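Below is entry-v9.cif, which holds mmCIF, C-alpha atoms.
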data_query
loop_
_atom_site.label_atom_id
_atom_site.label_comp_id
_atom_site.auth_asym_id
_atom_site.auth_seq_id
_atom_site.Cartn_x
_atom_site.Cartn_y
_atom_site.Cartn_z
CA MET A 1 65.33 -3.59 -71.84
CA PRO A 2 62.86 -4.14 -68.97
CA LEU A 3 59.32 -4.68 -70.23
CA GLU A 4 57.97 -1.85 -68.02
CA LEU A 5 60.38 0.65 -69.58
CA LEU A 6 59.59 -0.59 -73.10
CA LEU A 7 55.86 -0.16 -72.44
CA ILE A 8 56.35 3.39 -71.11
CA LEU A 9 58.47 4.32 -74.12
CA VAL A 10 56.04 2.84 -76.64
CA ILE A 11 52.82 4.22 -75.11
CA GLY A 12 54.39 7.58 -74.28
CA GLY A 13 56.01 7.84 -77.70
CA ILE A 14 52.81 7.07 -79.59
CA ALA A 15 50.81 9.52 -77.46
CA ALA A 16 53.39 12.30 -77.87
CA ILE A 17 53.63 11.86 -81.65
CA ALA A 18 49.82 11.72 -82.00
CA LEU A 19 49.40 14.90 -79.96
CA LEU A 20 52.11 16.75 -81.87
CA LEU A 21 50.62 15.80 -85.24
CA HIS A 22 47.08 16.71 -84.21
CA LEU A 23 48.07 20.08 -82.73
CA THR A 24 50.00 20.99 -85.87
CA GLY A 25 46.97 20.39 -88.13
CA ARG A 26 47.86 16.95 -89.49
CA SER A 27 44.41 15.52 -88.75
CA ASP A 28 42.55 17.53 -91.39
CA LEU A 29 40.61 15.64 -94.03
CA ARG A 30 41.63 16.27 -97.61
CA VAL A 31 39.29 18.62 -99.48
CA LEU A 32 38.65 17.67 -103.09
CA GLY A 33 37.66 19.82 -106.04
CA GLU A 34 36.17 18.22 -109.15
CA ALA A 35 39.56 17.85 -110.81
CA GLN A 36 41.11 16.23 -107.73
CA ALA A 37 38.15 13.89 -107.29
CA ARG A 38 38.42 12.86 -110.94
CA GLU A 39 42.15 12.29 -110.57
CA ALA A 40 41.67 10.32 -107.36
CA TRP A 41 39.11 8.02 -109.02
CA LEU A 42 41.30 7.34 -112.04
CA ARG A 43 44.27 6.76 -109.75
CA GLN A 44 42.37 3.79 -108.29
CA PHE A 45 40.46 2.70 -111.38
CA PRO A 46 42.38 3.81 -114.49
CA GLU A 47 40.24 1.55 -116.69
CA SER A 48 36.91 3.03 -115.56
CA PRO A 49 36.55 6.44 -117.18
CA ILE A 50 34.14 8.93 -115.67
CA ALA A 51 30.86 9.87 -117.36
CA ASP A 52 29.55 12.04 -114.57
CA LEU A 53 30.81 13.27 -111.21
CA THR A 54 28.79 14.68 -108.32
CA LEU A 55 30.96 16.41 -105.73
CA ALA A 56 29.78 16.78 -102.13
CA LYS A 57 29.56 20.40 -100.98
CA ASP A 58 32.13 19.79 -98.23
CA GLY A 59 34.58 18.39 -100.82
CA HIS A 60 35.13 15.15 -98.92
CA ALA A 61 33.46 12.77 -101.36
CA ALA A 62 32.21 12.44 -104.91
CA LEU A 63 29.81 10.06 -106.59
CA ILE A 64 31.17 8.71 -109.84
CA GLN A 65 29.08 7.48 -112.74
CA THR A 66 31.43 5.40 -114.87
CA ALA A 67 31.40 5.56 -118.64
CA ASP A 68 32.39 1.97 -119.37
CA ASP A 69 29.99 -0.81 -120.40
CA SER A 70 29.01 -1.66 -116.82
CA ALA A 71 28.09 2.02 -116.09
CA GLU A 72 28.51 1.28 -112.40
CA LEU A 73 28.28 3.88 -109.68
CA GLY A 74 31.37 4.47 -107.58
CA LEU A 75 32.46 6.62 -104.69
CA VAL A 76 35.74 8.42 -104.09
CA TRP A 77 36.25 9.94 -100.66
CA SER A 78 38.80 11.61 -98.44
CA PHE A 79 40.73 9.22 -96.25
CA GLY A 80 42.85 11.32 -93.94
CA ALA A 81 45.15 13.36 -96.17
CA ASP A 82 44.60 10.91 -99.02
CA THR A 83 41.75 9.33 -100.95
CA VAL A 84 40.21 5.93 -101.53
CA ALA A 85 37.61 4.73 -104.02
CA ARG A 86 35.20 1.84 -104.31
CA PHE A 87 32.35 0.71 -106.54
CA LEU A 88 29.01 0.77 -104.73
CA ALA A 89 27.46 -2.42 -106.10
CA ASP A 90 27.02 -4.07 -102.68
CA ALA A 91 26.65 -0.95 -100.54
CA LYS A 92 23.99 -0.80 -97.81
CA LEU A 93 22.68 2.70 -97.40
CA SER A 94 21.10 4.37 -94.40
CA PRO A 95 20.33 8.04 -93.77
CA CYS A 96 21.79 9.59 -90.63
CA LYS A 97 21.80 13.00 -88.97
CA GLN A 98 24.90 14.22 -90.80
CA GLY A 99 23.96 12.80 -94.19
CA LEU A 100 24.35 9.18 -95.28
CA HIS A 101 25.97 6.11 -93.82
CA LEU A 102 27.27 3.47 -96.23
CA ARG A 103 28.25 -0.06 -95.28
CA LEU A 104 30.39 -1.81 -97.88
CA ALA A 105 30.91 -5.56 -98.26
CA ASP A 106 34.65 -5.07 -97.94
CA PHE A 107 36.69 -5.90 -94.82
CA SER A 108 39.30 -3.31 -95.80
CA ALA A 109 36.70 -0.57 -96.39
CA PRO A 110 33.82 -1.40 -94.07
CA LYS A 111 31.93 1.90 -93.88
CA VAL A 112 31.80 5.50 -95.03
CA HIS A 113 30.11 8.46 -93.32
CA LEU A 114 29.08 11.07 -95.87
CA HIS A 115 28.49 14.54 -94.46
CA LEU A 116 25.78 15.95 -96.71
CA SER A 117 23.11 18.62 -96.45
CA GLN A 118 19.54 17.27 -96.45
CA PRO A 119 18.77 18.04 -100.13
CA GLU A 120 22.19 16.66 -101.05
CA ALA A 121 21.60 13.51 -99.02
CA MET A 122 18.23 12.94 -100.70
CA LEU A 123 19.76 13.33 -104.16
CA TRP A 124 22.68 11.00 -103.37
CA GLN A 125 20.38 8.42 -101.81
CA ALA A 126 18.18 8.44 -104.92
CA MET A 127 21.20 8.06 -107.20
CA ILE A 128 22.70 5.21 -105.19
CA GLU A 129 19.39 3.36 -104.86
CA ALA A 130 18.64 3.79 -108.56
CA ALA A 131 22.05 2.41 -109.46
CA SER A 132 21.67 -0.61 -107.19
CA ALA A 133 18.09 -1.40 -108.26
CA PRO A 134 17.83 -4.48 -110.50
CA GLN A 135 17.69 -3.45 -114.16
CA PRO A 136 14.73 -4.75 -116.23
CA GLN A 137 15.86 -7.50 -118.60
CA MET A 138 15.21 -7.00 -122.30
CA GLN A 139 13.67 -9.97 -124.08
CA ASN A 140 16.27 -12.20 -125.76
CA GLN A 141 19.07 -10.36 -123.91
CA PRO A 142 21.67 -12.74 -122.42
CA PRO A 143 21.98 -12.57 -118.61
CA ALA A 144 24.67 -10.24 -117.32
CA GLN A 145 27.91 -12.06 -116.58
CA GLU A 146 29.12 -12.14 -113.03
CA VAL A 147 32.33 -10.20 -112.60
CA MET B 1 77.39 -23.61 -77.00
CA ASP B 2 73.71 -23.08 -76.14
CA ALA B 3 74.45 -20.24 -73.69
CA VAL B 4 75.08 -17.82 -76.57
CA SER B 5 73.07 -14.64 -76.20
CA PHE B 6 72.85 -11.36 -78.07
CA PRO B 7 70.90 -8.18 -77.32
CA ASP B 8 67.47 -7.58 -78.86
CA VAL B 9 68.50 -4.67 -81.05
CA THR B 10 64.98 -3.81 -82.22
CA GLN B 11 63.85 -3.20 -78.64
CA LEU B 12 67.00 -1.23 -77.84
CA ALA B 13 66.39 0.94 -80.89
CA VAL B 14 62.90 2.06 -79.76
CA PRO B 15 64.12 5.37 -78.22
CA ILE B 16 66.08 6.08 -81.42
CA PHE B 17 62.99 5.34 -83.52
CA ILE B 18 60.90 7.83 -81.52
CA ALA B 19 63.58 10.53 -81.61
CA ALA B 20 64.14 10.06 -85.35
CA ILE B 21 60.39 10.29 -86.10
CA LEU B 22 60.19 13.56 -84.15
CA GLY B 23 63.29 14.79 -85.96
CA GLU B 24 61.91 13.91 -89.39
CA PHE B 25 58.58 15.56 -88.59
CA LEU B 26 60.30 18.76 -87.42
CA TRP B 27 62.47 18.79 -90.55
CA ILE B 28 59.40 18.48 -92.79
CA ALA B 29 57.50 21.12 -90.80
CA LEU B 30 60.39 23.59 -90.88
CA LYS B 31 61.51 23.02 -94.46
CA GLY B 32 58.04 22.49 -95.95
CA ARG B 33 59.27 19.52 -98.01
CA GLY B 34 60.64 16.02 -97.61
CA GLY B 35 57.46 14.09 -96.89
CA ARG B 36 54.03 14.18 -95.29
CA TYR B 37 52.56 13.16 -91.94
CA GLU B 38 48.92 12.44 -91.08
CA THR B 39 47.80 11.79 -87.52
CA ARG B 40 45.71 8.64 -87.90
CA ASP B 41 48.01 7.13 -90.50
CA ALA B 42 51.03 7.63 -88.25
CA VAL B 43 49.26 6.33 -85.14
CA THR B 44 48.10 3.24 -87.03
CA SER B 45 51.66 2.58 -88.19
CA LEU B 46 53.01 2.98 -84.66
CA ILE B 47 50.36 0.66 -83.20
CA MET B 48 51.19 -1.89 -85.89
CA GLY B 49 54.84 -1.63 -84.83
CA ALA B 50 54.02 -2.10 -81.15
CA GLY B 51 51.74 -5.03 -82.02
CA SER B 52 54.49 -6.61 -84.06
CA VAL B 53 56.84 -6.51 -81.07
CA ALA B 54 54.08 -7.97 -78.87
CA SER B 55 53.41 -10.69 -81.45
CA GLY B 56 57.12 -11.52 -81.41
CA ILE B 57 57.07 -11.83 -77.63
CA VAL B 58 53.96 -14.06 -77.66
CA LEU B 59 54.71 -16.22 -80.73
CA GLY B 60 58.50 -15.99 -80.91
CA PHE B 61 58.88 -19.30 -79.10
CA ILE B 62 57.62 -21.17 -82.19
CA ALA B 63 60.46 -20.00 -84.45
CA TRP B 64 62.95 -20.24 -81.59
CA GLY B 65 61.91 -23.82 -80.84
CA PHE B 66 62.21 -24.73 -84.53
CA PHE B 67 65.71 -23.24 -84.74
CA MET B 68 66.85 -24.98 -81.55
CA VAL B 69 65.71 -28.34 -82.95
CA LEU B 70 67.84 -27.66 -86.03
CA TRP B 71 70.72 -26.60 -83.80
CA GLU B 72 70.52 -29.94 -81.98
CA ILE B 73 70.60 -31.76 -85.32
CA THR B 74 73.48 -29.97 -86.98
CA PRO B 75 77.04 -31.15 -86.28
CA LEU B 76 78.39 -27.71 -87.31
CA ASP B 77 79.23 -24.81 -84.99
CA LEU B 78 80.92 -21.76 -86.52
CA GLY B 79 81.16 -19.89 -83.21
CA THR B 80 80.61 -16.18 -82.76
CA SER B 81 83.80 -14.50 -83.96
CA ILE B 82 83.54 -11.10 -85.69
CA GLY B 83 84.13 -12.74 -89.08
CA VAL B 84 81.33 -15.23 -88.47
CA ILE B 85 78.96 -12.46 -87.38
CA VAL B 86 79.72 -10.47 -90.56
CA LEU B 87 79.30 -13.58 -92.75
CA CYS B 88 76.02 -14.40 -91.02
CA PHE B 89 74.79 -10.83 -91.55
CA VAL B 90 75.50 -10.98 -95.30
CA LEU B 91 73.94 -14.43 -95.74
CA ASP B 92 70.94 -13.42 -93.63
CA ASP B 93 70.46 -10.40 -95.89
CA LEU B 94 70.32 -12.80 -98.84
CA ARG B 95 67.74 -14.77 -96.84
CA TYR B 96 65.81 -11.52 -96.30
CA TYR B 97 65.82 -10.78 -100.03
CA TRP B 98 64.12 -14.11 -100.82
CA VAL B 99 61.65 -13.98 -97.95
CA HIS B 100 60.71 -10.47 -99.04
CA ARG B 101 60.36 -11.59 -102.67
CA PHE B 102 58.14 -14.48 -101.57
CA GLY B 103 56.22 -11.89 -99.54
CA HIS B 104 55.23 -10.14 -102.75
CA ARG B 105 54.81 -13.16 -105.03
CA ILE B 106 53.02 -15.70 -102.80
CA ARG B 107 49.65 -14.50 -101.55
CA TRP B 108 49.90 -16.49 -98.29
CA VAL B 109 53.05 -14.56 -97.39
CA TRP B 110 51.70 -11.32 -98.89
CA ALA B 111 48.77 -11.55 -96.45
CA SER B 112 51.29 -10.98 -93.68
CA HIS B 113 53.44 -8.41 -95.46
CA VAL B 114 50.68 -6.34 -97.09
CA ASN B 115 50.12 -4.21 -94.01
CA HIS B 116 53.64 -2.76 -94.36
CA HIS B 117 52.57 -1.37 -97.75
CA SER B 118 49.10 -0.28 -96.69
CA SER B 119 49.93 3.35 -95.89
CA GLN B 120 49.67 5.97 -98.61
CA HIS B 121 52.39 7.87 -96.78
CA TYR B 122 56.11 7.21 -96.74
CA ASN B 123 57.82 8.42 -93.62
CA LEU B 124 59.68 6.89 -90.68
CA THR B 125 56.42 5.70 -89.08
CA THR B 126 55.78 3.60 -92.21
CA ALA B 127 58.92 1.62 -91.35
CA LEU B 128 57.25 0.52 -88.12
CA ARG B 129 54.00 -0.59 -89.83
CA GLN B 130 55.04 -4.23 -89.39
CA THR B 131 53.22 -7.53 -89.51
CA TRP B 132 51.52 -9.27 -86.61
CA THR B 133 51.16 -12.55 -88.47
CA GLY B 134 54.64 -13.35 -89.75
CA THR B 135 54.79 -16.61 -87.78
CA PHE B 136 51.86 -18.00 -89.78
CA THR B 137 53.70 -17.63 -93.09
CA PHE B 138 56.22 -20.30 -91.99
CA MET B 139 58.98 -18.24 -93.62
CA MET B 140 61.21 -19.22 -90.70
CA VAL B 141 62.12 -22.26 -92.81
CA VAL B 142 64.18 -19.97 -95.06
CA ARG B 143 66.46 -19.35 -92.08
CA ALA B 144 66.94 -23.08 -91.53
CA PRO B 145 70.03 -23.37 -93.81
CA LEU B 146 71.84 -20.74 -91.74
CA VAL B 147 71.34 -22.71 -88.53
CA LEU B 148 72.21 -26.01 -90.24
CA LEU B 149 75.41 -24.39 -91.56
CA GLY B 150 76.49 -23.75 -87.97
CA PHE B 151 75.29 -20.23 -87.18
CA HIS B 152 73.78 -20.23 -83.69
CA PRO B 153 70.03 -19.34 -83.64
CA ALA B 154 70.71 -16.40 -81.30
CA LEU B 155 73.24 -15.03 -83.80
CA VAL B 156 70.83 -15.53 -86.71
CA LEU B 157 68.10 -13.58 -84.87
CA PHE B 158 70.61 -10.90 -83.82
CA VAL B 159 71.75 -10.14 -87.37
CA GLY B 160 68.11 -10.26 -88.52
CA GLY B 161 67.37 -7.57 -85.93
CA ILE B 162 70.23 -5.40 -87.19
CA ASN B 163 68.84 -5.85 -90.71
CA LEU B 164 65.44 -4.53 -89.61
CA VAL B 165 66.97 -1.61 -87.71
CA TYR B 166 68.99 -0.67 -90.81
CA GLN B 167 65.80 -0.58 -92.86
CA PHE B 168 64.19 1.99 -90.54
CA TRP B 169 66.05 5.05 -91.86
CA ILE B 170 65.38 4.30 -95.54
CA HIS B 171 61.64 4.93 -95.08
CA THR B 172 61.88 8.64 -95.72
CA GLU B 173 61.37 11.24 -98.44
CA ALA B 174 63.58 13.68 -96.56
CA ILE B 175 66.72 12.14 -98.09
CA GLY B 176 67.05 12.34 -101.87
CA LYS B 177 70.01 10.32 -103.09
CA MET B 178 73.06 9.09 -101.20
CA PRO B 179 76.59 9.19 -102.74
CA ARG B 180 76.82 7.16 -105.94
CA TRP B 181 78.99 4.37 -104.46
CA PHE B 182 76.50 3.96 -101.61
CA GLU B 183 73.50 3.84 -103.96
CA ALA B 184 75.34 1.15 -105.99
CA VAL B 185 75.83 -1.25 -103.09
CA MET B 186 73.38 -0.42 -100.31
CA ASN B 187 69.62 -0.21 -100.04
CA THR B 188 68.78 3.49 -99.76
CA PRO B 189 65.72 5.73 -99.32
CA SER B 190 65.58 6.17 -103.10
CA HIS B 191 65.64 2.42 -103.85
CA HIS B 192 63.13 1.65 -101.15
CA ARG B 193 60.76 4.45 -102.18
CA ALA B 194 60.51 2.68 -105.53
CA HIS B 195 59.74 -0.58 -103.71
CA HIS B 196 56.78 1.10 -101.95
CA GLY B 197 55.34 2.45 -105.20
CA ARG B 198 51.97 1.34 -106.57
CA ASN B 199 52.86 2.72 -110.01
CA PRO B 200 52.93 -0.18 -112.52
CA ARG B 201 56.64 0.48 -113.09
CA TYR B 202 57.57 -0.13 -109.46
CA LEU B 203 55.50 -3.24 -108.75
CA ASP B 204 57.63 -6.17 -107.52
CA CYS B 205 61.03 -4.45 -107.46
CA ASN B 206 63.82 -3.70 -104.98
CA TYR B 207 63.28 -6.44 -102.40
CA ALA B 208 66.64 -5.80 -100.72
CA GLY B 209 67.03 -5.38 -96.99
CA VAL B 210 70.54 -3.93 -96.62
CA PHE B 211 72.45 -4.68 -99.84
CA ILE B 212 70.77 -3.66 -103.11
CA ILE B 213 73.19 -5.94 -104.96
CA TRP B 214 70.77 -8.88 -104.54
CA ASP B 215 68.18 -7.11 -106.72
CA LYS B 216 70.83 -6.38 -109.31
CA MET B 217 71.96 -10.01 -109.25
CA PHE B 218 68.46 -11.48 -109.51
CA GLY B 219 67.01 -8.97 -112.00
CA THR B 220 64.52 -7.14 -109.78
CA PHE B 221 66.26 -3.77 -109.49
CA VAL B 222 64.36 -0.69 -110.69
CA PRO B 223 65.88 2.73 -109.96
CA GLU B 224 63.57 5.53 -108.84
CA GLN B 225 62.65 7.63 -111.89
CA GLU B 226 62.41 11.41 -111.76
CA ASN B 227 59.73 11.36 -114.48
CA ASP B 228 57.57 8.83 -112.59
CA PRO B 229 57.17 10.05 -108.98
CA VAL B 230 56.38 7.25 -106.56
CA ASP B 231 52.69 6.90 -105.66
CA TYR B 232 52.75 5.14 -102.27
CA GLY B 233 50.33 2.50 -101.08
CA LEU B 234 48.57 -0.53 -102.47
CA VAL B 235 47.27 -1.08 -105.98
CA TYR B 236 43.87 -1.34 -104.26
CA ASN B 237 44.18 0.96 -101.26
CA ILE B 238 42.49 0.08 -98.00
CA ALA B 239 40.10 2.53 -96.35
CA THR B 240 40.60 1.83 -92.68
CA PHE B 241 42.88 2.97 -89.88
CA ASN B 242 41.68 0.12 -87.63
CA PRO B 243 44.84 -1.87 -86.78
CA LEU B 244 42.91 -5.16 -86.62
CA ARG B 245 41.56 -4.66 -90.13
CA VAL B 246 44.99 -3.55 -91.35
CA ALA B 247 46.59 -6.67 -89.86
CA PHE B 248 44.06 -9.21 -91.05
CA HIS B 249 42.31 -7.88 -94.17
CA GLU B 250 44.22 -10.00 -96.67
CA TRP B 251 43.82 -13.15 -94.54
CA VAL B 252 40.05 -12.52 -94.54
CA ALA B 253 40.13 -12.01 -98.32
CA ILE B 254 41.99 -15.30 -98.78
CA TYR B 255 39.40 -17.07 -96.63
CA HIS B 256 36.53 -15.67 -98.72
CA ASP B 257 38.24 -16.62 -101.98
CA VAL B 258 39.27 -20.10 -100.93
CA THR B 259 35.84 -21.00 -99.55
CA GLN B 260 33.72 -19.71 -102.43
CA PRO B 261 31.58 -22.47 -103.95
CA GLY B 262 32.27 -24.23 -107.21
CA LEU B 263 36.07 -24.17 -107.26
CA SER B 264 38.42 -27.07 -107.90
CA LEU B 265 41.01 -27.95 -105.27
CA LYS B 266 43.73 -26.51 -107.50
CA GLU B 267 41.89 -23.19 -107.79
CA ARG B 268 41.46 -23.03 -104.01
CA LEU B 269 45.16 -23.63 -103.51
CA LEU B 270 46.06 -21.03 -106.11
CA TYR B 271 43.94 -18.41 -104.32
CA ALA B 272 46.23 -18.94 -101.31
CA LEU B 273 49.56 -19.53 -103.00
CA ALA B 274 49.58 -17.83 -106.42
CA PRO B 275 50.79 -14.24 -106.79
CA PRO B 276 48.42 -11.58 -105.39
CA GLY B 277 45.72 -10.74 -107.92
CA TYR B 278 45.21 -14.33 -109.12
CA SER B 279 41.61 -15.26 -109.86
CA HIS B 280 40.22 -18.47 -111.32
CA ASP B 281 38.22 -16.55 -113.94
CA GLY B 282 40.82 -13.93 -114.81
CA SER B 283 38.64 -11.12 -113.45
CA ARG B 284 41.44 -9.60 -111.35
CA ASP B 285 44.82 -8.16 -112.13
CA THR B 286 48.24 -9.42 -111.06
CA SER B 287 51.27 -7.15 -111.24
CA ASP B 288 52.08 -8.71 -114.62
CA THR B 289 48.69 -7.82 -116.12
CA ILE B 290 48.79 -4.35 -114.52
CA LYS B 291 52.12 -3.71 -116.24
CA ALA B 292 50.79 -5.08 -119.55
CA LYS B 293 47.68 -2.88 -119.38
CA HIS B 294 49.82 0.14 -118.53
CA LEU B 295 51.99 -0.51 -121.59
CA ALA B 296 48.86 -0.79 -123.74
CA ARG B 297 47.89 2.72 -122.54
CA GLN B 298 51.45 4.12 -122.48
CA PRO B 299 53.45 2.19 -125.12
CA GLN B 300 56.27 4.74 -124.93
CA ASP B 301 57.21 3.27 -121.51
CA SER B 302 58.12 -0.07 -123.08
CA GLY B 303 61.77 -0.94 -122.46
CA THR B 304 62.18 1.63 -119.68
CA PRO B 305 63.11 0.46 -116.14
CA GLY B 306 60.40 -1.73 -114.63
CA PHE B 307 58.84 -2.68 -117.99
#
Translate this structure into structure tokens?
Amino acid sequence: MPLELLLILVIGGIAAIALLLHLTGRSDLRVLGEAQAREAWLRQFPESPIADLTLAKDGHAALIQTADDSAELGLVWSFGADTVARFLADAKLSPCKQGLHLRLADFSAPKVHLHLSQPEAMLWQAMIEAASAPQPQMQNQPPAQEV
Amino acid sequence: MDAVSFPDVTQLAVPIFIAAILGEFLWIALKGRGGRYETRDAVTSLIMGAGSVASGIVLGFIAWGFFMVLWEITPLDLGTSIGVIVLCFVLDDLRYYWVHRFGHRIRWVWASHVNHHSSQHYNLTTALRQTWTGTFTFMMVVRAPLVLLGFHPALVLFVGGINLVYQFWIHTEAIGKMPRWFEAVMNTPSHHRAHHGRNPRYLDCNYAGVFIIWDKMFGTFVPEQENDPVDYGLVYNIATFNPLRVAFHEWVAIYHDVTQPGLSLKERLLYALAPPGYSHDGSRDTSDTIKAKHLARQPQDSGTPGF
């Protein structure tokens, strides 16, 4: 097949399929309720049970306080029609107009935009910063092991 | 007999791929079942497919040059009769089985193959979510015996192309089960759905390209279970639609692991060559430990397919 024809077919085909999917509503982000957010977290981290869950008002993300020994904070969020989840240990946080912007130290999950109202954004920021702040060491307590 | 040439079937099949994707989407939209489509997921898969073809055009000369060197060396020439083409197709499918198995059990090869499993959807666009970095896995060496046995390199690549085109249609939820005799011999949508599952049961199963008999022969066959619906994607799903990140994320992860301070040479090599999930301190899970942990939580699954 001539390269020119192949290029037309490939570019035209991708554009046509993208347009068709978008116009038929296949670009919508998944909306999570508490039960779905819980299920989505445990789908990714079945060994990290949930102690507390804070769902964003738009249903596109939830902060997860885990109940295991590490008690780490995690995030589950809508990814197209699906979900993904990550722990937030190395997250860099910055407020933005729509809510919060998170940069993760993960090449396969580099950033997350959280659409939050201002009071919501302040609460989430405080929770994330509190979780990432260094914990005071008790005397005679062994140093935490690196995971 | 160096003037042998065969058509590039994967390029010729492009119009069929596009028509079939539109057909599958319309079927799902009209029937309200048989799979899911999402715009950015589908576009990412299609760009990965286009990039894979481009990568083949740019880097294909490396494998071709390697095969032609072998062709110069070998004293054997089986010709291109129909019988030889059929024999080559079957043997190449056996070659595909092993390359695919290495692709899931050797992290260096997994780094190339992982992108094919990186969608949480399973539709005909997923079939086209192909690697850009296959050349760097050096898996072309697994084709070397075919050339040394007297199959012309052009024939070997031709049957490999037919193999890939066959695998396109099995990436669908729109087809349940094929007739029993077909399910027994051939790779089917049902068998391949199981292969794309991230459920512990379905990890590292059904590596077949065309003939499922290889999995049955080598003990890796797991039939799709009605009571364990397939959850598509990776054990640790990626959160990006950026094709560059999809193509290279596992290579970047290997680089970070191999170059971390304080490791022995053996540990560095194992980060590149051991099964995905290896870690020098046991802090990560391989498919074996994932299955073991699942059985600890769900002991009633012990002895069922995949466990």
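Candidate residues B:Ala239, B:Tyr96, B:Thr259, B:Phe307 were compared for distance to Val112 in chain A, and the nearest is B:Ala239, using all atoms listed in the file.
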* **Explicit residues for the PyMOL selection byres ((chain A) within 10 of (chain B)) (as an MDAnalysis selection string)** => chainID A and resid 1:3 6:7 9:29 43:47 77:86 106:112 146:147
* To one decimal place, how far is CA of Ile73 in chain B from CA of Val159 in chain B in Å? -> 21.7 Å
* Do you know which residues are at most 9 Å from Thr220 in chain B counting all atoms listed in the file, after dropping those on the same chain fewer than 3 positions away, and could you put them as a count of residues only? -> 9
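You will find CA of Pro275 in chain B at 12.7 Å from CA of Ile290 in chain B.
Note on the selection: in this file the PyMOL selection byres ((chain A and resi 123) around 12) comes out as Thr54, Leu55, Ala56, Leu63, Pro95, Gly99, Leu100, Leu116, Ser117, Gln118, Pro119, Glu120, Ala121, Met122, Trp124, Gln125, Ala126, Met127, Ile128, Glu129 and Ala130 of chain A.
CA of Phe102 in chain B is positioned 20.4 Å from CA of Gly56 in chain B.
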* To do: Return as a PyMOL selection string the set of residues that the PyMOL selection byres ((chain B and resi 227) around 12) yields on the displayed structure.
  => chain B and resi 199+201+223-226+228-230+301+304-305
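Minimum atom-to-atom distance to Gly160 in chain B, evaluated using all atoms listed in the file, belongs to B:Cys88 out of B:Cys88, B:Thr135, B:Ile175, B:Ala194.
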Write out as an mmCIF file with C-alpha atoms, in the coordinates of the input the residues lying within 9 Å of Ala51 in chain A, counting all atoms listed in the file and excluding same-chain residues fewer than 3 positions away.
data_model
loop_
_atom_site.group_PDB
_atom_site.id
_atom_site.type_symbol
_atom_site.label_atom_id
_atom_site.label_comp_id
_atom_site.auth_asym_id
_atom_site.auth_seq_id
_atom_site.Cartn_x
_atom_site.Cartn_y
_atom_site.Cartn_z
ATOM 1 C CA ILE A 64 31.170 8.710 -109.840
ATOM 2 C CA GLN A 65 29.080 7.480 -112.740
ATOM 3 C CA THR A 66 31.430 5.400 -114.870
ATOM 4 C CA ALA A 67 31.400 5.560 -118.640
ATOM 5 C CA ASP A 68 32.390 1.970 -119.370
ATOM 6 C CA ALA A 71 28.090 2.020 -116.090
#
